[in-house]
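Here's structure-v6.tsv, which has TSV, C-alpha atoms (C1' of nucleotides):
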```
chain	number	residue	atom	x	y	z
A	1	MET	CA	37.74	39.24	109.59
A	2	ALA	CA	40.34	41.01	111.65
A	3	SER	CA	39.52	43.18	114.60
A	4	GLY	CA	38.37	46.69	113.93
A	5	SER	CA	41.27	48.27	115.77
A	6	ALA	CA	43.92	46.84	113.42
A	7	ALA	CA	44.05	50.03	111.44
A	8	ARG	CA	47.70	50.01	110.59
A	9	LYS	CA	48.32	46.36	110.90
A	10	PRO	CA	48.57	44.42	107.67
A	11	VAL	CA	45.72	42.12	106.75
A	12	SER	CA	46.43	38.42	107.15
A	13	GLU	CA	48.10	37.79	103.80
A	14	PRO	CA	48.52	40.89	101.63
A	15	LEU	CA	48.73	39.95	97.96
A	16	VAL	CA	50.93	42.86	97.00
A	17	VAL	CA	53.24	44.87	99.20
A	18	LEU	CA	53.47	48.16	97.38
A	19	GLU	CA	56.81	49.17	98.82
A	20	GLU	CA	58.35	46.00	97.45
A	21	PHE	CA	56.69	46.11	94.07
A	22	LEU	CA	59.24	46.83	91.38
A	23	PRO	CA	57.13	49.02	89.06
A	24	TYR	CA	56.12	51.15	92.02
A	25	ARG	CA	59.67	51.56	93.23
A	26	LEU	CA	60.86	52.41	89.75
A	27	ASN	CA	58.16	55.02	89.44
A	28	VAL	CA	59.07	56.57	92.75
A	29	LEU	CA	62.74	56.67	91.91
A	30	ALA	CA	62.13	58.10	88.46
A	31	GLY	CA	59.83	60.71	89.90
A	32	LEU	CA	62.37	61.78	92.49
A	33	THR	CA	65.18	62.08	89.98
A	34	SER	CA	62.91	64.03	87.68
A	35	SER	CA	62.15	66.42	90.50
A	36	ALA	CA	65.81	66.84	91.24
A	37	LEU	CA	66.54	67.57	87.60
A	38	ALA	CA	63.54	69.83	87.19
A	39	GLN	CA	65.09	72.15	89.72
A	40	ILE	CA	67.74	72.79	87.12
A	41	TYR	CA	66.06	72.92	83.78
A	42	ALA	CA	62.56	73.99	84.81
A	43	GLU	CA	63.10	76.52	87.56
A	44	ARG	CA	66.31	77.97	86.23
A	45	PHE	CA	65.78	77.78	82.47
A	46	GLY	CA	62.03	77.41	82.00
A	47	LEU	CA	62.35	74.12	80.17
A	48	SER	CA	59.86	71.27	80.42
A	49	ILE	CA	61.07	67.69	80.30
A	50	PRO	CA	60.24	67.30	76.61
A	51	ALA	CA	61.91	70.63	75.84
A	52	TRP	CA	64.97	69.54	77.75
A	53	ARG	CA	65.13	66.34	75.75
A	54	VAL	CA	64.85	68.22	72.49
A	55	ILE	CA	67.60	70.61	73.50
A	56	VAL	CA	69.90	67.81	74.54
A	57	THR	CA	69.27	65.80	71.42
A	58	LEU	CA	69.95	68.77	69.17
A	59	GLY	CA	72.99	69.64	71.21
A	60	GLN	CA	74.17	66.14	70.63
A	61	TYR	CA	73.30	65.68	66.97
A	62	GLU	CA	73.32	69.21	65.64
A	63	CYS	CA	70.38	68.72	63.34
A	64	ARG	CA	67.56	66.22	63.29
A	65	THR	CA	63.87	65.90	62.54
A	66	ALA	CA	61.09	65.96	65.08
A	67	ARG	CA	60.57	62.27	64.59
A	68	ASP	CA	64.10	61.51	65.71
A	69	MET	CA	63.43	63.14	69.05
A	70	ALA	CA	61.49	60.13	70.27
A	71	PRO	CA	63.62	57.18	69.22
A	72	ASP	CA	61.36	54.44	70.53
A	73	GLY	CA	58.12	56.29	70.92
A	74	VAL	CA	59.33	57.40	74.32
A	75	MET	CA	57.68	60.76	73.76
A	76	HIS	CA	54.43	61.07	71.90
A	77	LYS	CA	54.76	62.92	68.62
A	78	SER	CA	52.29	65.55	69.77
A	79	THR	CA	54.46	66.14	72.80
A	80	VAL	CA	57.49	66.66	70.61
A	81	SER	CA	55.55	68.90	68.28
A	82	ARG	CA	54.49	71.21	71.07
A	83	ALA	CA	57.88	71.25	72.69
A	84	VAL	CA	59.53	72.22	69.42
A	85	ALA	CA	56.91	74.89	68.78
A	86	ALA	CA	57.54	76.40	72.18
A	87	LEU	CA	61.29	76.35	71.72
A	88	GLU	CA	60.97	77.94	68.30
A	89	LYS	CA	58.83	80.69	69.74
A	90	ARG	CA	61.51	81.35	72.31
A	91	GLY	CA	64.10	81.52	69.57
A	92	LEU	CA	66.04	78.52	70.81
A	93	VAL	CA	65.35	76.23	67.90
A	94	ARG	CA	65.21	76.92	64.18
A	95	ARG	CA	63.34	74.95	61.53
A	96	ARG	CA	64.39	74.44	57.95
A	97	PRO	CA	62.39	72.63	55.31
A	98	ASN	CA	63.87	69.39	54.10
A	99	LEU	CA	63.69	69.78	50.34
A	100	ASP	CA	64.16	66.07	49.81
A	101	ASP	CA	61.05	65.26	51.80
A	102	ARG	CA	58.81	68.19	52.42
A	103	ARG	CA	56.79	66.38	55.06
A	104	GLU	CA	59.55	66.77	57.56
A	105	GLU	CA	61.73	69.61	58.74
A	106	TRP	CA	65.27	69.87	59.94
A	107	LEU	CA	65.66	71.17	63.45
A	108	ALA	CA	68.72	72.83	64.91
A	109	LEU	CA	69.67	74.91	67.89
A	110	THR	CA	70.04	78.62	67.35
A	111	PRO	CA	73.07	80.27	68.94
A	112	GLU	CA	70.82	81.22	71.84
A	113	GLY	CA	69.64	77.65	72.05
A	114	ARG	CA	73.17	76.36	72.08
A	115	ALA	CA	74.07	78.83	74.79
A	116	ILE	CA	71.29	77.45	76.95
A	117	TYR	CA	72.37	73.93	76.14
A	118	GLU	CA	75.88	74.67	77.23
A	119	ALA	CA	74.59	76.18	80.44
A	120	VAL	CA	72.09	73.47	81.34
A	121	ALA	CA	73.89	70.35	80.27
A	122	PRO	CA	76.78	70.47	82.74
A	123	GLU	CA	74.48	71.17	85.64
A	124	ALA	CA	72.15	68.37	84.68
A	125	LEU	CA	75.11	66.05	84.34
A	126	ALA	CA	76.27	67.10	87.76
A	127	VAL	CA	72.94	66.13	89.25
A	128	GLY	CA	73.15	62.79	87.54
A	129	GLU	CA	76.58	62.22	88.94
A	130	ARG	CA	75.61	63.31	92.40
A	131	LEU	CA	72.89	60.71	92.18
A	132	LEU	CA	75.28	58.01	91.10
A	133	SER	CA	77.85	59.05	93.65
A	134	VAL	CA	76.33	56.69	96.21
A	135	LEU	CA	77.22	53.74	94.01
A	136	THR	CA	80.63	52.26	93.37
A	137	ALA	CA	81.94	52.13	89.81
A	138	GLN	CA	81.14	48.45	89.70
A	139	GLU	CA	77.63	49.03	90.97
A	140	GLN	CA	77.09	51.67	88.34
A	141	LYS	CA	78.06	49.25	85.61
A	142	THR	CA	75.78	46.61	87.05
A	143	LEU	CA	72.93	49.06	87.30
A	144	SER	CA	73.36	50.01	83.69
A	145	THR	CA	73.17	46.40	82.61
A	146	LEU	CA	70.12	45.72	84.71
A	147	ILE	CA	68.30	48.77	83.41
A	148	ASP	CA	68.99	47.69	79.87
A	149	LYS	CA	67.71	44.19	80.46
A	150	LEU	CA	64.58	45.44	82.16
A	151	THR	CA	63.95	48.06	79.51
A	152	ARG	CA	64.17	45.49	76.76
A	153	GLN	CA	61.76	43.24	78.59
A	154	ALA	CA	59.39	46.08	79.46
A	155	ARG	CA	59.24	47.03	75.80
A	156	LEU	CA	57.98	43.55	75.06
A	157	LEU	CA	55.34	43.67	77.77
A	158	ALA	CA	54.15	47.21	77.10
A	159	PRO	CA	51.53	47.80	74.43
A	160	GLN	CA	53.12	48.38	71.06
A	161	ASP	CA	53.90	52.05	71.08
A	162	ALA	CA	52.39	54.75	68.97
A	163	GLU	CA	54.56	54.63	65.90
A	164	GLY	CA	58.03	54.29	64.48
A	165	GLU	CA	59.28	51.40	66.47
A	166	GLU	CA	61.61	48.86	65.13
A	167	ALA	CA	58.71	47.18	63.38
B	1	MET	CA	81.35	74.57	62.79
B	2	ALA	CA	80.66	71.19	61.26
B	3	SER	CA	79.49	70.75	57.71
B	4	GLY	CA	75.81	71.16	56.99
B	5	SER	CA	75.37	67.58	55.86
B	6	ALA	CA	76.28	66.11	59.22
B	7	ALA	CA	72.66	65.80	60.15
B	8	ARG	CA	72.87	62.64	62.15
B	9	LYS	CA	76.47	62.80	63.12
B	10	PRO	CA	77.19	63.89	66.66
B	11	VAL	CA	78.68	67.29	67.19
B	12	SER	CA	82.34	67.30	68.13
B	13	GLU	CA	82.00	66.80	71.86
B	14	PRO	CA	78.42	66.32	73.05
B	15	LEU	CA	78.08	67.31	76.70
B	16	VAL	CA	75.29	64.89	77.46
B	17	VAL	CA	74.41	61.69	75.67
B	18	LEU	CA	70.76	61.29	76.46
B	19	GLU	CA	70.67	57.52	76.00
B	20	GLU	CA	73.34	57.14	78.64
B	21	PHE	CA	71.91	59.61	81.10
B	22	LEU	CA	70.64	57.83	84.17
B	23	PRO	CA	67.59	59.98	84.91
B	24	TYR	CA	66.47	59.65	81.33
B	25	ARG	CA	66.88	55.90	81.31
B	26	LEU	CA	65.06	55.57	84.59
B	27	ASN	CA	62.22	57.63	83.25
B	28	VAL	CA	61.95	55.54	80.14
B	29	LEU	CA	62.01	52.30	82.08
B	30	ALA	CA	59.45	53.52	84.59
B	31	GLY	CA	57.21	54.73	81.80
B	32	LEU	CA	57.36	51.41	80.01
B	33	THR	CA	56.58	49.41	83.13
B	34	SER	CA	53.72	51.75	83.90
B	35	SER	CA	52.32	51.17	80.44
B	36	ALA	CA	52.60	47.43	80.88
B	37	LEU	CA	50.80	47.61	84.19
B	38	ALA	CA	48.20	50.06	82.94
B	39	GLN	CA	47.02	47.42	80.52
B	40	ILE	CA	45.88	45.49	83.54
B	41	TYR	CA	44.46	47.99	85.95
B	42	ALA	CA	43.38	50.73	83.57
B	43	GLU	CA	41.99	48.91	80.57
B	44	ARG	CA	40.55	45.98	82.45
B	45	PHE	CA	39.42	47.57	85.70
B	46	GLY	CA	39.19	51.27	84.97
B	47	LEU	CA	41.69	52.22	87.65
B	48	SER	CA	44.14	55.09	87.38
B	49	ILE	CA	47.60	54.77	88.87
B	50	PRO	CA	46.65	56.66	92.03
B	51	ALA	CA	43.48	54.60	92.36
B	52	TRP	CA	45.50	51.43	91.96
B	53	ARG	CA	47.84	52.54	94.71
B	54	VAL	CA	44.97	53.33	97.04
B	55	ILE	CA	43.37	49.95	96.40
B	56	VAL	CA	46.61	48.11	96.99
B	57	THR	CA	47.39	50.02	100.15
B	58	LEU	CA	43.96	49.39	101.58
B	59	GLY	CA	44.14	45.77	100.52
B	60	GLN	CA	47.38	45.59	102.42
B	61	TYR	CA	46.52	47.55	105.52
B	62	GLU	CA	42.78	47.15	105.76
B	63	CYS	CA	42.13	50.63	106.97
B	64	ARG	CA	44.15	53.82	106.74
B	65	THR	CA	43.77	57.55	106.27
B	66	ALA	CA	44.23	59.41	103.03
B	67	ARG	CA	47.48	60.82	104.29
B	68	ASP	CA	48.95	57.37	104.69
B	69	MET	CA	48.44	56.70	101.00
B	70	ALA	CA	51.43	58.82	100.08
B	71	PRO	CA	54.08	57.75	102.58
B	72	ASP	CA	56.82	60.07	101.40
B	73	GLY	CA	54.85	62.60	99.46
B	74	VAL	CA	55.08	60.26	96.48
B	75	MET	CA	51.58	61.27	95.50
B	76	HIS	CA	50.28	64.77	95.98
B	77	LYS	CA	47.53	65.01	98.54
B	78	SER	CA	45.14	66.41	95.97
B	79	THR	CA	45.82	63.40	93.80
B	80	VAL	CA	44.97	61.09	96.67
B	81	SER	CA	41.89	63.09	97.49
B	82	ARG	CA	40.51	62.81	93.99
B	83	ALA	CA	41.39	59.14	93.66
B	84	VAL	CA	39.62	58.33	96.89
B	85	ALA	CA	36.59	60.38	95.86
B	86	ALA	CA	36.34	58.49	92.59
B	87	LEU	CA	36.69	55.14	94.30
B	88	GLU	CA	34.06	56.05	96.83
B	89	LYS	CA	31.68	57.05	94.08
B	90	ARG	CA	32.22	53.66	92.46
B	91	GLY	CA	31.47	52.01	95.77
B	92	LEU	CA	34.91	50.46	96.12
B	93	VAL	CA	36.03	52.44	99.14
B	94	ARG	CA	34.15	53.46	102.23
B	95	ARG	CA	34.91	56.38	104.56
B	96	ARG	CA	34.37	56.53	108.27
B	97	PRO	CA	34.96	59.52	110.49
B	98	ASN	CA	37.79	59.17	112.94
B	99	LEU	CA	36.22	60.31	116.17
B	100	ASP	CA	39.60	60.77	117.81
B	101	ASP	CA	40.67	63.29	115.18
B	102	ARG	CA	37.85	64.63	113.09
B	103	ARG	CA	40.15	66.20	110.55
B	104	GLU	CA	40.86	62.83	109.04
B	105	GLU	CA	38.80	59.84	107.98
B	106	TRP	CA	39.37	56.13	108.01
B	107	LEU	CA	39.32	54.50	104.62
B	108	ALA	CA	38.62	50.88	103.89
B	109	LEU	CA	37.74	48.70	100.95
B	110	THR	CA	34.12	47.69	100.57
B	111	PRO	CA	33.47	44.05	99.70
B	112	GLU	CA	33.27	45.13	96.05
B	113	GLY	CA	36.55	46.95	96.45
B	114	ARG	CA	38.17	43.91	97.97
B	115	ALA	CA	36.87	41.77	95.15
B	116	ILE	CA	38.55	44.05	92.65
B	117	TYR	CA	41.70	44.04	94.71
B	118	GLU	CA	41.77	40.28	94.70
B	119	ALA	CA	41.26	40.25	90.97
B	120	VAL	CA	43.82	42.91	90.06
B	121	ALA	CA	46.59	42.21	92.49
B	122	PRO	CA	47.62	38.78	91.21
B	123	GLU	CA	47.67	39.97	87.63
B	124	ALA	CA	49.71	43.01	88.48
B	125	LEU	CA	52.09	40.84	90.44
B	126	ALA	CA	52.38	38.56	87.45
B	127	VAL	CA	53.40	41.48	85.27
B	128	GLY	CA	55.99	42.48	87.81
B	129	GLU	CA	57.37	39.00	87.86
B	130	ARG	CA	57.39	38.69	84.10
B	131	LEU	CA	59.44	41.86	84.13
B	132	LEU	CA	61.88	40.50	86.65
B	133	SER	CA	62.05	37.14	84.92
B	134	VAL	CA	64.93	38.37	82.78
B	135	LEU	CA	67.07	38.78	85.89
B	136	THR	CA	68.60	36.07	88.02
B	137	ALA	CA	67.69	35.88	91.67
B	138	GLN	CA	71.01	37.42	92.54
B	139	GLU	CA	70.51	40.24	90.06
B	140	GLN	CA	67.09	40.93	91.50
B	141	LYS	CA	68.56	41.29	94.95
B	142	THR	CA	71.26	43.58	93.65
B	143	LEU	CA	68.75	45.67	91.78
B	144	SER	CA	66.67	46.08	94.90
B	145	THR	CA	69.68	47.30	96.83
B	146	LEU	CA	70.68	49.73	94.11
B	147	ILE	CA	67.19	51.14	93.81
B	148	ASP	CA	67.10	51.72	97.54
B	149	LYS	CA	70.43	53.49	97.56
B	150	LEU	CA	69.47	55.69	94.63
B	151	THR	CA	66.06	56.46	96.08
B	152	ARG	CA	67.56	57.58	99.34
B	153	GLN	CA	70.01	59.80	97.53
B	154	ALA	CA	67.38	61.18	95.17
B	155	ARG	CA	65.28	62.14	98.13
B	156	LEU	CA	68.14	64.26	99.35
B	157	LEU	CA	68.62	65.96	96.01
B	158	ALA	CA	64.95	66.51	95.23
B	159	PRO	CA	63.20	69.60	96.59
B	160	GLN	CA	61.75	68.88	100.00
B	161	ASP	CA	58.42	67.31	99.22
B	162	ALA	CA	54.98	68.63	99.95
B	163	GLU	CA	54.42	67.38	103.44
B	164	GLY	CA	54.76	64.55	105.91
B	165	GLU	CA	58.29	63.50	105.27
B	166	GLU	CA	60.44	61.96	107.89
B	167	ALA	CA	61.32	65.43	109.05
C	1	DT	C1'	49.51	57.61	35.26
C	2	DG	C1'	46.14	57.31	38.84
C	3	DT	C1'	44.73	55.23	43.08
C	4	DT	C1'	45.63	53.74	47.61
C	5	DA	C1'	48.40	53.16	51.64
C	6	DA	C1'	51.74	54.93	54.74
C	7	DT	C1'	54.45	58.71	57.00
C	8	DG	C1'	55.75	63.39	59.29
C	9	DG	C1'	53.70	66.67	61.76
C	10	DT	C1'	49.82	69.76	63.80
C	11	DT	C1'	45.78	70.57	66.50
C	12	DG	C1'	41.14	70.04	69.15
C	13	DC	C1'	39.59	67.83	72.93
C	14	DA	C1'	39.18	65.51	77.29
C	15	DG	C1'	41.28	63.56	81.29
C	16	DA	C1'	45.01	64.02	84.73
C	17	DA	C1'	48.47	66.43	87.74
C	18	DG	C1'	50.44	70.06	90.54
C	19	DC	C1'	50.00	74.47	92.91
C	20	DA	C1'	47.90	77.33	95.88
C	21	DA	C1'	44.25	78.86	98.62
C	22	DC	C1'	40.84	77.50	101.66
C	23	DG	C1'	37.94	75.44	105.66
C	24	DA	C1'	37.82	72.56	109.54
C	25	DA	C1'	39.96	70.63	113.37
C	26	DC	C1'	43.81	69.88	116.58
C	27	DG	C1'	47.76	71.30	119.88
C	28	DG	C1'	50.47	74.28	122.59
C	29	DA	C1'	51.19	78.52	125.20
C	30	DA	C1'	49.81	82.46	127.58
D	1	DT	C1'	39.74	80.14	127.68
D	2	DT	C1'	41.75	82.40	123.73
D	3	DC	C1'	45.06	82.88	120.20
D	4	DC	C1'	48.34	81.16	116.93
D	5	DG	C1'	50.62	77.81	114.23
D	6	DT	C1'	50.06	73.29	112.10
D	7	DT	C1'	47.83	69.43	109.90
D	8	DC	C1'	44.20	66.79	107.14
D	9	DG	C1'	41.67	67.07	103.35
D	10	DT	C1'	38.99	69.45	99.38
D	11	DT	C1'	38.56	72.34	95.43
D	12	DG	C1'	39.48	75.95	91.67
D	13	DC	C1'	42.65	76.98	88.32
D	14	DT	C1'	46.16	76.32	84.99
D	15	DT	C1'	49.22	73.45	82.60
D	16	DC	C1'	50.43	69.21	80.55
D	17	DT	C1'	49.57	64.73	78.26
D	18	DG	C1'	47.67	61.39	75.07
D	19	DC	C1'	44.40	60.16	71.83
D	20	DA	C1'	42.34	60.73	67.60
D	21	DA	C1'	41.33	63.13	63.66
D	22	DC	C1'	43.31	65.68	60.24
D	23	DC	C1'	46.44	67.82	56.33
D	24	DA	C1'	50.22	67.52	53.29
D	25	DT	C1'	53.46	64.75	51.16
D	26	DT	C1'	55.63	60.59	49.68
D	27	DA	C1'	55.78	55.62	48.34
D	28	DA	C1'	53.86	51.43	46.37
D	29	DC	C1'	51.72	49.39	42.73
D	30	DA	C1'	48.57	48.23	39.27
```

Using structure tokens, write down the structure that the file contains.
Amino acid sequence: MASGSAARKPVSEPLVVLEEFLPYRLNVLAGLTSSALAQIYAERFGLSIPAWRVIVTLGQYECRTARDMAPDGVMHKSTVSRAVAALEKRGLVRRRPNLDDRREEWLALTPEGRAIYEAVAPEALAVGERLLSVLTAQEQKTLSTLIDKLTRQARLLAPQDAEGEEA
Amino acid sequence: MASGSAARKPVSEPLVVLEEFLPYRLNVLAGLTSSALAQIYAERFGLSIPAWRVIVTLGQYECRTARDMAPDGVMHKSTVSRAVAALEKRGLVRRRPNLDDRREEWLALTPEGRAIYEAVAPEALAVGERLLSVLTAQEQKTLSTLIDKLTRQARLLAPQDAEGEEA
DNA sequence: TGTTAATGGTTGCAGAAGCAACGAACGGAA
DNA sequence: TTCCGTTCGTTGCTTCTGCAACCATTAACA
């Protein structure tokens, strides 16, 4: 046993050094970037992360179903459901029955929703670019590749997600 | 306006493509790695993420205060407080008053806590390494550098955290 | 056709997280 | 010493998240 006064000194051979542990560092980084972004879409526009994702996806694709909002089970379907409900209540998203398959519904931005999209998106992009501004163009490309590789691998290691994967 | 049948076709000029947006991709990756890890420390040992971090930190440093658990405000102090309380109740962590400053308390793993640490840590490490196994040694070094750069920058962009930063 | 399985989506419930307010203790200045 | 600002840590409250159960609809298949 070490001496009792070694409060801040590492134990003989630590098995894990948290600050060097990749999952931890990824979590910290993701959390910080989320906070930075939340300043934009939460404080200024009252959007949660899921709501923001729905808005962006609809801004991008015009019209999709709730299921399409979580391409790889990234968001739980209940999360999407509640986000859409909230956005509908605020008049930012409109639902239309899909007559070909009445289980699902088409979602689209209302004009008000699109206005918000066009206000939020550029600011969010700007934050993203301010983040990346500390990396060279080459580093950004490399980062992108590495993230993709890791994401693919993580998907293999993570428990098979809720539903609708590539299965 | 585009035709009504363009359900899955992108709108003319999407402002943000979510799948290419760095913060989104970081969030997804971090979430997946957390899920992979949670299989170990949650399902097998009943530890939450904060509890896992406390265990690892104490395993690393032997004895610290609750404040030291969240070096950069990564965890909220209430989160740490509750995690420590739960661990104490399970007999994995022990508290001792700090007679030099009676506002804070020294925390340390009990023998049972250390046993769990020694069981969890190698498995968690293994997951981390399985994750990194898709990268070359050089890529791993690069990734580490990029994460550090981005984290530093994100800390500047994020709202000044709760407390105890480097201020 | 009828029966069974699978899918899109909603909701009740329980656990977790952040905020804010609080109590206790410390430190500095008058 | 006394007063004021600050810090460590806890707790109440509200919101969010994920799971699981559920309903309605569709698909598969005998």

Give me the least-squares superposed chain B (reference chain A; all C-alpha atoms paired in order) as a compact mmCIF listing (two decimals) with C-alpha atoms, in the coordinates of the input.
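Produced file result39.txt, reproduced below:
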```txt
# COMPACT_ATOMS: atom_id res chain seq x y z
CA MET B 1 37.67 39.24 109.50
CA ALA B 2 40.25 41.03 111.59
CA SER B 3 39.35 43.21 114.53
CA GLY B 4 38.32 46.77 113.84
CA SER B 5 41.25 48.25 115.71
CA ALA B 6 43.84 46.77 113.39
CA ALA B 7 44.03 49.97 111.44
CA ARG B 8 47.68 49.88 110.59
CA LYS B 9 48.25 46.21 110.87
CA PRO B 10 48.49 44.31 107.61
CA VAL B 11 45.65 42.05 106.68
CA SER B 12 46.36 38.36 107.04
CA GLU B 13 48.03 37.74 103.71
CA PRO B 14 48.47 40.86 101.58
CA LEU B 15 48.71 39.95 97.90
CA VAL B 16 50.92 42.86 96.97
CA VAL B 17 53.22 44.87 99.18
CA LEU B 18 53.45 48.15 97.37
CA GLU B 19 56.82 49.16 98.81
CA GLU B 20 58.35 46.00 97.42
CA PHE B 21 56.69 46.13 94.04
CA LEU B 22 59.23 46.84 91.35
CA PRO B 23 57.12 49.03 89.07
CA TYR B 24 56.12 51.15 92.02
CA ARG B 25 59.67 51.57 93.22
CA LEU B 26 60.86 52.43 89.75
CA ASN B 27 58.17 55.02 89.44
CA VAL B 28 59.06 56.59 92.74
CA LEU B 29 62.75 56.67 91.91
CA ALA B 30 62.15 58.11 88.46
CA GLY B 31 59.84 60.73 89.90
CA LEU B 32 62.37 61.80 92.49
CA THR B 33 65.19 62.08 89.97
CA SER B 34 62.93 64.05 87.68
CA SER B 35 62.17 66.45 90.49
CA ALA B 36 65.85 66.85 91.23
CA LEU B 37 66.58 67.58 87.60
CA ALA B 38 63.57 69.84 87.18
CA GLN B 39 65.11 72.18 89.71
CA ILE B 40 67.79 72.81 87.15
CA TYR B 41 66.09 72.94 83.81
CA ALA B 42 62.61 74.04 84.83
CA GLU B 43 63.17 76.56 87.58
CA ARG B 44 66.37 78.01 86.22
CA PHE B 45 65.83 77.82 82.48
CA GLY B 46 62.10 77.46 82.03
CA LEU B 47 62.38 74.17 80.18
CA SER B 48 59.88 71.34 80.43
CA ILE B 49 61.06 67.75 80.33
CA PRO B 50 60.23 67.36 76.64
CA ALA B 51 61.91 70.67 75.86
CA TRP B 52 64.98 69.56 77.78
CA ARG B 53 65.11 66.37 75.76
CA VAL B 54 64.82 68.24 72.49
CA ILE B 55 67.60 70.63 73.48
CA VAL B 56 69.88 67.82 74.54
CA THR B 57 69.23 65.80 71.42
CA LEU B 58 69.90 68.75 69.17
CA GLY B 59 72.96 69.64 71.19
CA GLN B 60 74.13 66.11 70.60
CA TYR B 61 73.22 65.64 66.98
CA GLU B 62 73.26 69.16 65.63
CA CYS B 63 70.32 68.70 63.36
CA ARG B 64 67.49 66.19 63.34
CA THR B 65 63.79 65.89 62.60
CA ALA B 66 61.03 65.97 65.15
CA ARG B 67 60.49 62.28 64.70
CA ASP B 68 64.02 61.52 65.79
CA MET B 69 63.37 63.17 69.13
CA ALA B 70 61.41 60.18 70.36
CA PRO B 71 63.54 57.22 69.29
CA ASP B 72 61.29 54.50 70.61
CA GLY B 73 58.05 56.35 71.00
CA VAL B 74 59.28 57.46 74.42
CA MET B 75 57.62 60.80 73.86
CA HIS B 76 54.35 61.14 72.02
CA LYS B 77 54.67 62.95 68.73
CA SER B 78 52.23 65.61 69.86
CA THR B 79 54.41 66.22 72.88
CA VAL B 80 57.43 66.70 70.66
CA SER B 81 55.48 68.93 68.34
CA ARG B 82 54.43 71.26 71.12
CA ALA B 83 57.86 71.31 72.73
CA VAL B 84 59.49 72.23 69.46
CA ALA B 85 56.88 74.93 68.81
CA ALA B 86 57.54 76.47 72.20
CA LEU B 87 61.29 76.38 71.71
CA GLU B 88 60.98 77.94 68.30
CA LYS B 89 58.86 80.73 69.71
CA ARG B 90 61.56 81.39 72.30
CA GLY B 91 64.12 81.52 69.53
CA LEU B 92 66.07 78.52 70.79
CA VAL B 93 65.35 76.21 67.88
CA ARG B 94 65.20 76.90 64.19
CA ARG B 95 63.33 74.92 61.53
CA ARG B 96 64.35 74.35 57.96
CA PRO B 97 62.36 72.55 55.32
CA ASN B 98 63.81 69.29 54.15
CA LEU B 99 63.64 69.61 50.40
CA ASP B 100 64.13 65.89 49.92
CA ASP B 101 61.02 65.09 51.94
CA ARG B 102 58.76 68.03 52.51
CA ARG B 103 56.70 66.26 55.13
CA GLU B 104 59.44 66.73 57.66
CA GLU B 105 61.66 69.58 58.77
CA TRP B 106 65.21 69.83 59.97
CA LEU B 107 65.60 71.17 63.46
CA ALA B 108 68.67 72.79 64.90
CA LEU B 109 69.64 74.90 67.86
CA THR B 110 70.05 78.61 67.29
CA PRO B 111 73.10 80.23 68.87
CA GLU B 112 70.86 81.21 71.79
CA GLY B 113 69.65 77.64 72.01
CA ARG B 114 73.19 76.34 72.03
CA ALA B 115 74.11 78.80 74.73
CA ILE B 116 71.34 77.44 76.91
CA TYR B 117 72.38 73.92 76.10
CA GLU B 118 75.91 74.65 77.18
CA ALA B 119 74.64 76.17 80.38
CA VAL B 120 72.14 73.47 81.31
CA ALA B 121 73.91 70.34 80.23
CA PRO B 122 76.82 70.46 82.69
CA GLU B 123 74.52 71.16 85.60
CA ALA B 124 72.18 68.37 84.66
CA LEU B 125 75.14 66.05 84.29
CA ALA B 126 76.31 67.10 87.71
CA VAL B 127 72.97 66.14 89.20
CA GLY B 128 73.17 62.79 87.49
CA GLU B 129 76.60 62.22 88.88
CA ARG B 130 75.64 63.32 92.36
CA LEU B 131 72.92 60.72 92.13
CA LEU B 132 75.30 58.02 91.05
CA SER B 133 77.89 59.05 93.60
CA VAL B 134 76.36 56.69 96.14
CA LEU B 135 77.24 53.73 93.93
CA THR B 136 80.66 52.28 93.28
CA ALA B 137 81.95 52.15 89.74
CA GLN B 138 81.17 48.47 89.63
CA GLU B 139 77.65 49.03 90.91
CA GLN B 140 77.09 51.69 88.28
CA LYS B 141 78.06 49.27 85.56
CA THR B 142 75.79 46.62 86.99
CA LEU B 143 72.93 49.05 87.26
CA SER B 144 73.35 50.04 83.64
CA THR B 145 73.18 46.43 82.56
CA LEU B 146 70.12 45.74 84.67
CA ILE B 147 68.30 48.79 83.39
CA ASP B 148 68.99 47.71 79.83
CA LYS B 149 67.71 44.21 80.43
CA LEU B 150 64.57 45.46 82.13
CA THR B 151 63.95 48.09 79.48
CA ARG B 152 64.15 45.54 76.73
CA GLN B 153 61.74 43.28 78.55
CA ALA B 154 59.37 46.11 79.42
CA ARG B 155 59.22 47.05 75.79
CA LEU B 156 57.96 43.58 75.05
CA LEU B 157 55.31 43.70 77.74
CA ALA B 158 54.13 47.24 77.07
CA PRO B 159 51.49 47.85 74.41
CA GLN B 160 53.13 48.41 71.05
CA ASP B 161 53.96 52.08 71.09
CA ALA B 162 52.58 54.81 68.92
CA GLU B 163 54.85 54.63 65.94
CA GLY B 164 58.36 54.22 64.62
CA GLU B 165 59.52 51.31 66.66
CA GLU B 166 62.08 48.89 65.44
CA ALA B 167 59.31 47.01 63.72
```

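Atom pair CA of Phe21 (chain A) / C1' of DC8 (chain D) has a distance of 27.5 Å (rounded to one decimal).
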
Taking only C-alpha atoms (C1' of nucleotides) into account, which residues of chain D are within 9 Å of chain B, as a short mmCIF file (atom, residue, chain, number, x, y, z; two decimals) with C-alpha atoms (C1' of nucleotides), keeping the file's coordinate frame?
```
data_model
loop_
_atom_site.label_atom_id
_atom_site.label_comp_id
_atom_site.auth_asym_id
_atom_site.auth_seq_id
_atom_site.Cartn_x
_atom_site.Cartn_y
_atom_site.Cartn_z
"C1'" DT D 7 47.83 69.43 109.90
"C1'" DC D 8 44.20 66.79 107.14
"C1'" DG D 9 41.67 67.07 103.35
"C1'" DT D 10 38.99 69.45 99.38
"C1'" DT D 11 38.56 72.34 95.43
#
```
